[in-house]
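> Sharing a structure below in structure tokens format, with a few things to ask.
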Amino acid sequence: MTSVSSALPTNAAPTGRLIFRHSAVVRVCHWINAICFVFLLMSGMQIFNADPALTWGQKTNFDKPSFSLTAREDDNGDPTAGLTTIFGHSFDTTGLLGASRDENGDLDARGFPSWATLPADQDLAMGRRWHFFFAWILVLNGLVYVAYLIGRRHIRDLWPSLADLKALPRSIADHARLRFPKGQEALHYNVLQKLAYLSVVIAFPILILAGLTMSPAIDSAFPWLLTLFGGRQAARALHFLLAIYLVLFVIVHLVMVVLSGPINNMRSMITGRYRIKEQR
Ligand code: HEM
């Protein structure tokens, strides 16, 4: 948001008119980030499939992982079901996680299904290439965004004030009833947006650092990373959990974009212009 607050004094807010909401830097960074996110997620699932299990701690516990996607097999070694196991509790996730159908309709033992991974076939080396390529674009894009957050004080648009936090219960109730801010209130992000966007801004650097900690070369240059995350396996688990958090964020984010006016929202993130609706 181009500090809408500073661009437009609240007592002069035009309702039913187009205002300037997002600067070019925020818009370009947002879309580069969204593209990187899709490629990183799909190639990340490809990499995860090479060892679809997570352990919390310094070393891998192959017998008792905290989380795993595995296949149950018959006497011939053919997969019969997909299992997702979380802290010893297994759930049947056949067709999606643990075992999914290939192009011939046969059940294959795979963590994530082929339609969700990049590339589709199991190919760890290629998955890593895609992942690292988009990871570095994400890092460069993130640096530009953070420079803008601080340099142009965009962080003030995302940082919730005390008054915002006090209005949190009302904002949650309004969202639950699908009542979205109009008039003056729509000039700024609402408190739920601020908290959600801020959480993403905080989650990304931790996710990137946890990713770097999985690299032995980076660890030998910066051994404190291993201490910070409690080992390479813990870094891998955290990297995975934060990716899941971002997936959940994106699902809610997209639902909110659609429910609160998809055309107005999309126009604002593409051209910068946003229509303020009349307050009734
Ligand atoms: C096709 C996918 C996406 C669409 C259509 C979309 C749409 C939008 C729109 C319309 C806004 C502005 C909301 C407003 O003005 O009230 C926004 C802001 C934002 N989106 Fe997305 N988004 C997408 C993907 C993502 C992804 C993948 C992420 C991160 C994982 C993300 C993170 C954010 C953040 C942090 C903001 C606030 C930006 C700022 O003001 O600095 N979005 N998005």
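Chain lettering (A, B, ...) mirrors the order of the structure tokens, residue numbering begins at 1 for each chain separately, and ligand numbering begins at 1 in order of display.
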Counting only C-alpha atoms, what is within 12 Å of range 22-24 of chain A, bar same-chain residues fewer than 3 positions away, as a PyMOL selection string?
chain A and resi 1-5+7+19+27-31+144-145+148-149+152+154+157+187-189+265-274
> Have a look at A:Met126, A:Val146, A:Leu118, A:Val25 and name the one nearest to Leu41 in chain A; count only C-alpha atoms.
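Among the listed residues, the smallest separation from Leu41 in chain A belongs to A:Leu118.
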> Closest to ligand 1 among A:Gln193, A:Thr227, A:Gln233, A:Gln46, using only C-alpha atoms and all ligand atoms?
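When distances to ligand 1 are compared using only C-alpha atoms and all ligand atoms, the smallest one comes from A:Gln193.
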> Where does DSSP see strand (DSSP E) in range 8-92 of chain A, if you list the residues as a VMD selection string?
chain A and resid 18 to 20 53 to 54 67 to 73 79 to 86 89 to 92
> Name all residues at most 7 Å from range 77-86 of chain A (count only C-alpha atoms; drop same-chain ones fewer than 3 positions away) and give them as a list of chain:residue names.
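Residues near the query, excluding close chain neighbours: A:Ser66, A:Phe67, A:Ser68, A:Leu69, A:Thr70, A:Ala71, A:Arg72, A:Glu73, A:Asp74, A:His89, A:Ser90, A:Phe91, A:Asp92, A:Thr93, A:Thr94, A:Gly95, A:Leu97, A:Gly98, A:Ala99, A:Leu107, A:Asp108, A:Ala109.
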> How far is it from CA of Leu40 in chain A to CA of Phe134 in chain A, in Å with one decimal?
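Interatomic distance here is 6.3 Å.
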> Extract, using only C-alpha atoms, all DNA, RNA and protein residues at most 9 Å from Leu195 in chain A, discarding same-chain residues fewer than 4 positions from it, and format them as a list in words.
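Within the cut-off, the hits are Leu158, Trp159, Pro160, Asn190, Val191, Ser199 and Val200 of chain A.
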> Could you please determine the separation between CA of Leu242 in chain A and atom 15 (O, counted along the ligand's line) of ligand 1 in Å, to one decimal place?
23.5 Å
> Of the residues A:Leu226, A:Ile206, A:Leu178, A:Leu198, which is the one nearest to ligand 1, using only C-alpha atoms and all ligand atoms?
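Comparing A:Leu226, A:Ile206, A:Leu178, A:Leu198 against ligand 1, the winner is A:Leu198.
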